[in-house]
>>> print(open('final02.txt').read())   # compact mmCIF, C-alpha atoms
# COMPACT_ATOMS: atom_id res chain seq x y z
CA MET A 18 221.67 152.35 90.23
CA ASN A 19 218.51 154.08 89.05
CA ARG A 20 216.32 156.36 91.16
CA THR A 21 213.50 153.81 91.62
CA LEU A 22 215.85 151.22 93.06
CA LYS A 23 217.30 153.79 95.45
CA ILE A 24 213.79 154.58 96.71
CA TYR A 25 213.07 150.86 97.29
CA ILE A 26 216.32 150.42 99.21
CA PHE A 27 215.64 153.53 101.31
CA PHE A 28 212.15 152.42 102.34
CA LEU A 29 213.41 148.90 103.04
CA PHE A 30 216.14 150.32 105.27
CA VAL A 31 213.63 152.52 107.13
CA LEU A 32 211.28 149.57 107.61
CA LEU A 33 214.11 147.36 108.85
CA ALA A 34 215.32 150.02 111.29
CA GLY A 35 211.78 150.52 112.56
CA VAL A 36 211.23 146.82 113.17
CA ILE A 37 214.56 146.47 114.98
CA TYR A 38 213.78 149.50 117.16
CA ILE A 39 210.28 148.28 118.03
CA ASP A 40 211.62 144.82 118.82
CA ALA A 41 214.37 146.32 120.99
CA VAL A 42 212.08 148.47 123.13
CA ARG A 43 209.11 146.13 123.52
CA PRO A 44 209.04 143.71 126.46
CA LYS A 45 210.54 140.39 125.52
CA PRO A 46 208.05 137.50 125.72
CA VAL A 47 208.98 134.60 127.94
CA ASP A 48 210.37 131.68 125.98
CA TRP A 49 208.92 128.49 127.44
CA THR A 50 210.82 126.21 125.09
CA PRO A 51 212.24 123.18 126.97
CA SER A 52 215.78 123.71 125.71
CA TYR A 53 217.74 122.10 128.60
CA ASN A 54 220.64 124.17 127.35
CA LEU A 55 223.45 124.93 129.79
CA LYS A 56 223.70 128.51 128.52
CA ASP A 57 219.96 129.30 128.42
CA LYS A 58 218.46 131.48 131.12
CA ILE A 59 214.92 130.84 129.91
CA PRO A 60 212.57 128.96 132.28
CA TYR A 61 213.47 125.51 130.97
CA GLY A 62 217.18 126.06 130.49
CA LEU A 63 219.93 124.71 132.77
CA ALA A 64 222.00 127.85 133.33
CA ILE A 65 221.34 128.00 137.07
CA PHE A 66 221.99 124.29 137.60
CA ASP A 67 225.21 124.61 135.61
CA GLU A 68 226.24 127.49 137.87
CA GLN A 69 225.20 125.80 141.13
CA ALA A 70 226.37 122.26 140.28
CA PRO A 71 229.70 122.61 142.15
CA SER A 72 227.88 123.61 145.36
CA LEU A 73 225.19 120.96 144.93
CA LEU A 74 227.87 118.29 144.41
CA PRO A 75 230.73 119.42 146.70
CA ASN A 76 232.22 115.95 146.93
CA ASN A 77 232.35 115.39 143.19
CA LYS A 78 234.55 116.55 140.34
CA ILE A 79 232.45 117.54 137.33
CA ASN A 80 233.79 116.97 133.84
CA LYS A 81 231.64 118.26 130.98
CA ILE A 82 232.03 115.90 128.06
CA SER A 83 231.47 117.32 124.59
CA GLN A 84 231.91 113.96 122.84
CA THR A 85 229.50 111.07 122.66
CA ILE A 86 229.76 108.44 125.37
CA TYR A 87 231.25 105.99 122.90
CA GLU A 88 233.86 108.48 121.65
CA HIS A 89 234.90 109.38 125.18
CA PHE A 90 234.89 106.06 127.05
CA GLU A 91 235.74 103.43 124.43
CA PRO A 92 239.42 104.53 124.23
CA LEU A 93 239.55 104.39 128.07
CA TYR A 94 238.67 100.70 128.18
CA ASP A 95 241.80 98.75 129.08
CA TYR A 96 242.14 95.76 126.77
CA ASP A 97 245.73 94.99 127.75
CA THR A 98 245.24 93.75 131.32
CA LEU A 99 244.04 90.30 132.28
CA VAL A 100 241.01 91.84 133.94
CA ASP A 101 239.39 94.10 131.38
CA ASP A 102 238.23 97.32 132.99
CA TYR A 103 237.97 101.05 132.38
CA LYS A 104 240.94 103.22 133.24
CA VAL A 105 238.57 105.72 134.89
CA LYS A 106 235.77 105.42 137.41
CA GLY A 107 232.83 107.66 138.10
CA THR A 108 229.25 108.54 137.18
CA VAL A 109 227.78 109.46 133.83
CA MET A 110 225.09 112.17 134.13
CA HIS A 111 222.58 113.02 131.41
CA ILE A 112 219.78 115.57 131.90
CA CYS A 113 217.33 116.36 129.13
CA ASP A 114 213.64 116.09 128.34
CA ASN A 115 214.32 113.45 125.67
CA TYR A 116 216.93 110.72 125.82
CA LEU A 117 219.37 111.83 123.10
CA ILE A 118 222.21 109.34 123.46
CA ASP A 119 222.80 107.32 120.29
CA ASP A 120 222.53 103.51 120.22
CA GLN A 121 226.27 102.83 120.12
CA SER A 122 226.83 105.18 123.05
CA SER A 123 223.97 103.54 124.96
CA LYS A 124 225.73 100.18 124.61
CA GLU A 125 228.98 101.77 125.77
CA LEU A 126 227.10 103.22 128.74
CA PHE A 127 225.96 99.73 129.76
CA TYR A 128 229.57 98.48 129.47
CA PHE A 129 230.76 101.40 131.60
CA VAL A 130 228.14 100.82 134.32
CA GLY A 131 228.66 97.07 134.20
CA HIS A 132 232.31 97.55 135.22
CA GLY A 133 231.45 99.05 138.59
CA ASN A 134 230.42 102.56 137.61
CA THR A 135 227.18 104.55 137.84
CA ALA A 136 224.85 106.41 135.50
CA PHE A 137 222.41 109.11 136.61
CA LEU A 138 219.75 109.79 133.98
CA SER A 139 216.99 112.36 134.35
CA VAL A 140 214.87 112.06 131.22
CA GLU A 141 211.17 111.85 130.39
CA ASN A 142 211.38 108.66 128.34
CA LEU A 143 213.67 105.69 127.89
CA PRO A 144 214.72 103.81 124.76
CA LYS A 145 214.04 100.13 124.27
CA ILE A 146 217.57 99.08 125.27
CA PHE A 147 216.86 100.25 128.85
CA THR A 148 213.37 98.82 129.22
CA ASP A 149 214.51 95.45 127.86
CA SER A 150 217.86 95.21 129.65
CA LEU A 151 216.61 96.49 133.02
CA ASN A 152 213.18 94.85 132.87
CA LEU A 153 211.29 98.14 133.04
CA LYS A 154 208.12 99.56 131.56
CA THR A 155 207.07 103.20 131.36
CA ASP A 156 203.71 104.79 130.70
CA SER A 157 202.16 108.24 130.77
CA GLN A 158 199.12 109.62 132.51
CA PHE A 159 197.47 112.98 131.83
CA ASP A 160 194.82 113.19 134.53
CA TYR A 161 196.85 114.93 137.22
CA LYS A 162 194.49 117.94 137.17
CA ASN A 163 197.31 120.49 136.94
CA LYS A 164 199.13 119.04 139.94
CA ILE A 165 202.14 116.73 139.96
CA ASP A 166 203.60 116.35 143.43
CA CYS A 167 207.05 114.74 143.60
CA TRP A 168 208.68 113.40 146.75
CA LEU A 169 211.41 111.00 147.90
CA ILE A 170 211.04 107.92 150.06
CA ASN A 171 214.12 108.53 152.20
CA LYS A 172 212.81 110.37 155.24
CA GLY A 173 216.31 111.55 156.03
CA LEU A 174 216.12 113.72 152.90
CA GLY A 175 212.74 115.10 153.85
CA SER A 176 209.22 113.96 153.09
CA LYS A 177 207.91 117.20 151.64
CA LYS A 178 206.04 117.10 148.34
CA TYR A 179 206.99 119.51 145.58
CA ASP A 180 204.49 120.46 142.85
CA LEU A 181 206.28 120.17 139.48
CA HIS A 182 203.19 120.36 137.25
CA GLN A 183 204.60 123.42 135.45
CA GLY A 184 206.49 121.70 132.63
CA GLY A 185 206.45 118.38 134.47
CA SER A 186 206.47 115.00 132.78
CA SER A 187 203.49 112.63 132.83
CA PHE A 188 205.72 109.57 132.38
CA TYR A 189 206.15 107.06 135.22
CA PHE A 190 207.38 103.50 135.75
CA SER A 191 204.39 101.23 135.26
CA SER A 192 206.44 98.05 135.86
CA ILE A 193 209.79 97.32 137.52
CA ASP A 194 211.81 94.30 138.60
CA THR A 195 210.81 94.38 142.26
CA LEU A 196 213.50 91.84 143.24
CA HIS A 197 216.37 94.05 142.11
CA THR A 198 215.02 97.57 141.63
CA THR A 199 214.89 100.07 144.49
CA VAL A 200 212.17 102.70 144.44
CA LEU A 201 213.55 106.09 145.48
CA GLY A 202 210.76 108.53 144.65
CA TYR A 203 207.16 109.02 143.60
CA GLN A 204 204.94 111.48 141.83
CA GLY A 205 201.20 111.88 141.92
CA ASN A 206 198.44 113.46 143.95
CA ASP A 207 196.18 112.74 146.90
CA HIS A 208 194.45 109.85 145.11
CA GLU A 209 197.33 107.86 143.61
CA LYS A 210 201.07 107.75 143.32
CA LYS A 211 203.39 106.61 140.55
CA ILE A 212 207.08 105.67 140.65
CA ASN A 213 209.32 108.27 139.00
CA PHE A 214 212.77 107.65 140.57
CA ILE A 215 214.52 104.27 140.85
CA LYS A 216 217.88 102.61 141.31
CA VAL A 217 218.57 99.57 139.15
CA PRO A 218 221.72 97.48 139.67
CA TYR A 219 223.44 96.30 136.54
CA ARG A 220 226.30 93.81 136.96
CA ASP A 221 228.87 95.62 139.14
CA GLY A 222 227.31 99.07 138.79
CA ALA A 223 223.94 100.78 138.97
CA PHE A 224 221.58 103.09 137.08
CA TYR A 225 219.75 105.95 138.79
CA ILE A 226 216.81 106.85 136.57
CA HIS A 227 214.62 109.88 137.24
CA LEU A 228 211.63 110.84 135.03
CA GLN A 229 211.21 114.51 136.02
CA PRO A 230 214.14 116.42 134.44
CA VAL A 231 212.14 119.66 134.80
CA ALA A 232 213.33 119.71 138.45
CA PHE A 233 216.78 120.74 137.15
CA THR A 234 215.53 123.75 135.14
CA ASN A 235 215.85 127.44 136.01
CA TYR A 236 212.13 127.80 136.65
CA HIS A 237 211.90 125.24 139.43
CA LEU A 238 215.26 126.11 140.97
CA LEU A 239 213.90 129.63 141.52
CA LYS A 240 210.31 128.68 142.38
CA ASP A 241 209.48 128.52 146.08
CA ASP A 242 211.61 125.85 147.75
CA HIS A 243 211.86 123.46 144.80
CA ALA A 244 215.64 123.72 144.94
CA GLN A 245 215.45 121.49 148.04
CA TYR A 246 214.01 118.69 145.92
CA LEU A 247 216.94 118.94 143.51
CA ALA A 248 219.41 118.96 146.41
CA ALA A 249 217.80 115.77 147.74
CA LEU A 250 218.13 114.15 144.31
CA MET A 251 221.82 115.05 144.16
CA ALA A 252 222.32 113.34 147.53
CA TYR A 253 222.02 110.02 145.68
CA MET A 254 224.93 110.90 143.41
CA PRO A 255 227.93 108.68 144.30
CA LYS A 256 231.13 110.47 145.29
CA GLY A 257 233.78 110.71 142.63
CA THR A 258 234.07 112.08 139.13
CA ILE A 259 230.90 113.02 137.25
CA TYR A 260 230.97 112.89 133.47
CA TRP A 261 228.26 115.28 132.38
CA MET A 262 227.26 114.43 128.78
CA ILE A 263 226.24 117.70 127.14
CA LYS A 264 227.07 117.38 123.42
CA GLU A 265 223.52 116.67 122.26
CA GLN A 266 222.07 119.46 124.42
CA ASN A 267 223.60 122.29 122.34
CA GLY A 268 225.44 123.40 125.45
CA LEU A 269 229.13 124.04 124.97
CA ILE A 270 229.22 122.97 121.35
CA GLN A 271 226.82 124.62 118.92
CA GLU A 272 225.91 122.32 116.06
CA GLY A 273 223.45 122.40 113.19
CA SER A 274 222.43 125.18 110.83
CA PRO A 275 224.56 128.34 110.62
CA PHE A 276 221.28 130.26 110.92
CA GLN A 277 220.57 128.71 114.32
CA TYR A 278 221.70 131.78 116.26
CA ILE A 279 220.01 134.21 113.86
CA LEU A 280 216.69 132.40 114.15
CA SER A 281 217.04 132.19 117.91
CA GLN A 282 217.11 136.00 118.25
CA PRO A 283 213.79 137.76 117.43
CA ALA A 284 215.42 140.95 116.13
CA LEU A 285 217.82 139.05 113.83
CA THR A 286 214.99 136.78 112.72
CA TRP A 287 212.90 139.77 111.63
CA ALA A 288 215.93 141.29 109.91
CA TRP A 289 216.50 138.06 108.01
CA TYR A 290 212.86 137.79 106.93
CA LEU A 291 212.80 141.43 105.81
CA PHE A 292 215.98 140.88 103.83
CA LEU A 293 214.37 137.94 102.05
CA LEU A 294 211.21 140.00 101.40
CA GLY A 295 213.28 142.85 100.01
CA MET A 296 215.14 140.51 97.69
CA ILE A 297 211.86 139.04 96.45
CA LEU A 298 210.44 142.52 95.77
CA PHE A 299 213.65 143.51 94.01
CA ILE A 300 213.45 140.44 91.77
CA ILE A 301 209.76 141.06 91.01
CA PHE A 302 210.21 144.71 90.03
CA ASN A 303 213.41 144.07 88.08
CA ALA A 304 212.44 140.79 86.44
CA LYS A 305 211.64 142.42 83.09
CA ARG A 306 214.59 142.79 80.76
CA ARG A 307 215.62 146.40 80.56
CA GLN A 308 216.76 147.60 77.11
CA ARG A 309 218.49 150.84 76.36
CA ILE A 310 216.67 153.35 74.22
CA ILE A 311 217.12 152.62 70.52
CA PRO A 312 217.98 155.85 68.69
CA ILE A 313 215.76 156.85 65.79
CA ILE A 314 217.69 156.62 62.55
CA LYS A 315 216.23 158.72 59.79
CA PRO A 316 215.99 156.88 56.47
CA LEU A 317 218.24 158.04 53.68
CA PRO A 318 216.50 160.57 51.43
CA ASN A 319 215.28 159.39 48.06
CA THR A 320 217.73 161.29 45.89
CA THR A 321 216.14 159.82 42.78
CA VAL A 322 213.05 162.00 43.27
CA ASP A 323 215.21 165.07 43.89
CA PHE A 324 217.26 164.24 40.84
CA THR A 325 214.13 163.90 38.71
CA LYS A 326 212.79 167.21 39.94
CA THR A 327 216.12 168.84 39.19
CA ILE A 328 216.19 167.44 35.65
CA GLY A 329 212.54 168.40 35.11
CA ASN A 330 213.20 171.95 36.24
CA LEU A 331 216.18 172.07 33.93
CA TYR A 332 214.14 171.01 30.91
CA TYR A 333 211.32 173.36 31.89
CA GLN A 334 213.64 176.32 32.27
CA GLU A 335 215.26 175.52 28.94
CA GLY A 336 211.81 175.49 27.29
CA ASP A 337 212.31 172.00 25.84
CA HIS A 338 208.66 171.05 26.22
CA GLN A 339 208.73 168.31 23.62
CA ASN A 340 211.48 166.44 25.45
CA LEU A 341 209.50 166.62 28.68
CA ILE A 342 206.37 165.33 26.97
CA ASP A 343 208.30 162.38 25.49
CA LYS A 344 209.72 161.45 28.91
CA LYS A 345 206.29 161.79 30.54
CA ILE A 346 204.88 159.37 27.95
CA ILE A 347 207.78 156.92 28.44
CA TYR A 348 207.37 157.03 32.26
CA PHE A 349 203.59 156.52 31.96
CA LEU A 350 203.84 153.51 29.66
CA GLU A 351 206.61 151.95 31.79
CA ARG A 352 204.39 152.20 34.84
CA ILE A 353 201.44 150.63 32.98
CA ARG A 354 203.62 147.67 32.01
CA ASN A 355 205.02 147.15 35.55
CA GLU A 356 201.89 147.72 37.61
CA TYR A 357 199.12 146.40 35.38
CA LEU A 358 201.10 144.04 33.11
CA ILE A 359 199.52 145.45 29.93
CA GLU A 360 201.41 145.44 26.66
CA THR A 361 201.96 149.04 25.41
CA THR A 362 203.25 148.41 21.92
CA LEU A 363 199.90 149.18 20.31
CA LEU A 364 197.72 151.87 21.90
CA ASP A 365 194.36 150.93 20.36
CA GLU A 366 190.79 150.24 21.50
CA ASN A 367 191.82 146.90 23.00
CA PHE A 368 194.50 148.64 25.11
CA ILE A 369 191.95 151.24 26.26
CA LYS A 370 189.50 148.53 27.40
CA LYS A 371 192.23 146.61 29.34
CA LEU A 372 193.47 149.78 31.06
CA HIS A 373 189.91 150.78 31.96
CA ALA A 374 189.24 147.28 33.41
CA LYS A 375 192.37 147.26 35.57
CA THR A 376 192.44 150.87 36.74
CA GLY A 377 188.71 151.56 37.01
CA LYS A 378 189.27 155.08 35.68
CA ASP A 379 186.78 156.93 33.47
CA ILE A 380 187.04 155.49 29.96
CA LYS A 381 186.67 158.97 28.45
CA ASP A 382 189.73 160.17 30.35
CA ILE A 383 191.67 157.11 29.15
CA GLU A 384 190.56 157.68 25.52
CA HIS A 385 191.58 161.37 25.77
CA LEU A 386 195.02 160.48 27.13
CA ILE A 387 195.65 157.81 24.45
CA TYR A 388 194.58 160.32 21.82
CA LEU A 389 197.09 162.89 23.08
CA ILE A 390 199.90 160.30 23.23
CA ASN A 391 199.24 159.11 19.68
CA PHE A 392 198.96 162.70 18.53
CA GLN A 393 202.34 163.60 20.03
CA ARG A 394 203.94 160.53 18.43
CA ARG A 395 202.62 161.44 14.96
CA SER A 396 203.07 165.21 15.17
CA TYR A 397 206.02 166.93 13.57
CA GLN A 398 205.35 170.27 15.20
CA GLN A 399 207.23 171.50 18.24
CA SER A 400 205.05 171.28 21.33
CA ILE A 401 204.41 174.30 23.46
CA GLU A 402 203.89 174.77 27.18
CA SER A 403 200.10 174.31 26.98
CA ASP A 404 200.58 170.91 25.33
CA LEU A 405 202.87 169.82 28.18
CA ILE A 406 200.34 170.94 30.79
CA GLU A 407 197.46 169.20 29.02
CA ILE A 408 199.17 165.82 28.69
CA ASN A 409 200.53 166.02 32.28
CA ASN A 410 197.00 166.62 33.64
CA ALA A 411 195.65 163.74 31.55
CA ILE A 412 198.32 161.34 32.84
CA GLU A 413 197.70 162.33 36.47
CA LYS A 414 193.99 161.51 36.11
CA ILE A 415 194.91 157.93 35.28
CA ILE A 416 197.81 157.15 37.56
CA ASN A 417 196.71 159.09 40.67
>>> encode(input="final02.txt", output="structure tokens")
Amino acid sequence: MNRTLKIYIFFLFVLLAGVIYIDAVRPKPVDWTPSYNLKDKIPYGLAIFDEQAPSLLPNNKINKISQTIYEHFEPLYDYDTLVDDYKVKGTVMHICDNYLIDDQSSKELFYFVGHGNTAFLSVENLPKIFTDSLNLKTDSQFDYKNKIDCWLINKGLGSKKYDLHQGGSSFYFSSIDTLHTTVLGYQGNDHEKKINFIKVPYRDGAFYIHLQPVAFTNYHLLKDDHAQYLAALMAYMPKGTIYWMIKEQNGLIQEGSPFQYILSQPALTWAWYLFLLGMILFIIFNAKRRQRIIPIIKPLPNTTVDFTKTIGNLYYQEGDHQNLIDKKIIYFLERIRNEYLIETTLLDENFIKKLHAKTGKDIKDIEHLIYLINFQRRSYQQSIESDLIEINNAIEKIIN
């Protein structure tokens, strides 16, 4: 791990620790999410109702069902007797802002109620199977001017009105089967009232349907005397076993993404986002391919040049000037043939003109050099040091 990466990790760790500390010491904002979760202590959770349910329903046994209605009750239907019936009796209770029971379970719920049982539903809306089967219609109205008073018809339970506008539902029953449906409660204001709580018989059983589930939440159980309204609602609950359907409310069974808990906690959420940011920065700064330093390899020395110098020094020290002159001439003519592609068999005027044209050297220097070469070829005298120097200087003027 290089030094730069260590610095990045250090600053990321300091930033993460700082964010966690700031989040830990700052006041936690109120979460107004309508969770209807049995474990949530936020305003619209059901933790208090879950805790107080045994005292609110002293004559009932409460069973919290973590399966769907179909999964729980279908095996309890007795197909073996002459009179088909369920092996258990009681009331199904479902409390949530949205009706979350699946279609197959809704059908099973109608079978269960139809065999002499009860269902108590406190939801803001109803699926089509209820409105069609029970001859109901619901609607919503948003002109309550920040006030939704809810009250019950039964004077024995009190006639006080309770303002549930904080988180309250605007849904109401716009149409009911007046021959069979019993109105139990209203909501509204001084100018108008709407039905929000009814009892609907279905075959041998009955549905209790309430459209203000916010009355069950922590906020309204702790606000003023709203708990009295909930206690009056629970008075309609038939005695016996209550099957509280909680699976789809994320109550006892946590379902969904494994990051659900992380994202539900602000400190862990920030830690997760910072981790992702750190990984992105790491990828950006380390995206380029890193290559180790390539060592510099010195080229092998040209020993041919050293060898030539050594041989030249040997001839020079021996005083064999004629041999050196001959080799100089041979080297010069070989170079002319290779570089300029000029035939060197006959060193005449034609050769001089071609060499002058291709090299651009002074023609007098070329003529002088050719003269010296021809002279050395024809001479029978032993050359001296001055002759070697003269012909070497003449050659260098042409090839340099």
>>> residues_around(input="final02.txt", residues="Gln399 in chain A", least_positions_apart="3", cutoff="9 Å", atoms="only C-alpha atoms", output="ChimeraX atom specification")
/A:338-339,396
>>> write_last_selection(input="final02.txt", atoms="C-alpha atoms", output="PDB file, in the coordinates of the input")
ATOM      1  CA  HIS A 338     208.660 171.050  26.220  1.00  0.00           C
ATOM      2  CA  GLN A 339     208.730 168.310  23.620  1.00  0.00           C
ATOM      3  CA  SER A 396     203.070 165.210  15.170  1.00  0.00           C
TER       4      SER A 396
END
>>> closest_residue(input="final02.txt", among="A:Ala232, A:Ile353, A:Leu29, A:Ile297", to="Ile165 in chain A", atoms="all atoms listed in the file")
A:Ala232
>>> residues_near_point(input="final02.txt", point="(229.5, 105.6, 141.3)", cutoff="10 Å", atoms="all atoms listed in the file", output="PyMOL selection string")
chain A and resi 106-109+130+133-137+222-224+253-259
>>> closest_residue(input="final02.txt", among="A:Lys378, A:His237, A:Lys345, A:Lys172", to="Asp404 in chain A", atoms="all atoms listed in the file")
A:Lys345
>>> closest_atom_pairs(input="final02.txt", of="range 63-165 of chain A", to="range 193-197 of chain A", cutoff="12 Å", atoms="all atoms listed in the file", output="CSV")
residue,atom,partner,partner_atom,distance
A:Phe147,CA,A:Ile193,CA,11.6
A:Thr148,CA,A:Ile193,CA,9.2
A:Asp149,CA,A:Ile193,CA,10.9
A:Ser150,CA,A:Asp194,CA,10.8
A:Leu151,CA,A:Asp194,CA,7.7
A:Asn152,CA,A:Asp194,CA,5.9
A:Leu153,CA,A:Ile193,CA,4.8
A:Lys154,CA,A:Ile193,CA,6.6
A:Thr155,CA,A:Ile193,CA,8.9
A:Asp156,CA,A:Ile193,CA,11.8
>>> atom_distance(input="final02.txt", atom1="CA of Pro71 in chain A", atom2="CA of Ala252 in chain A")
13.0 Å
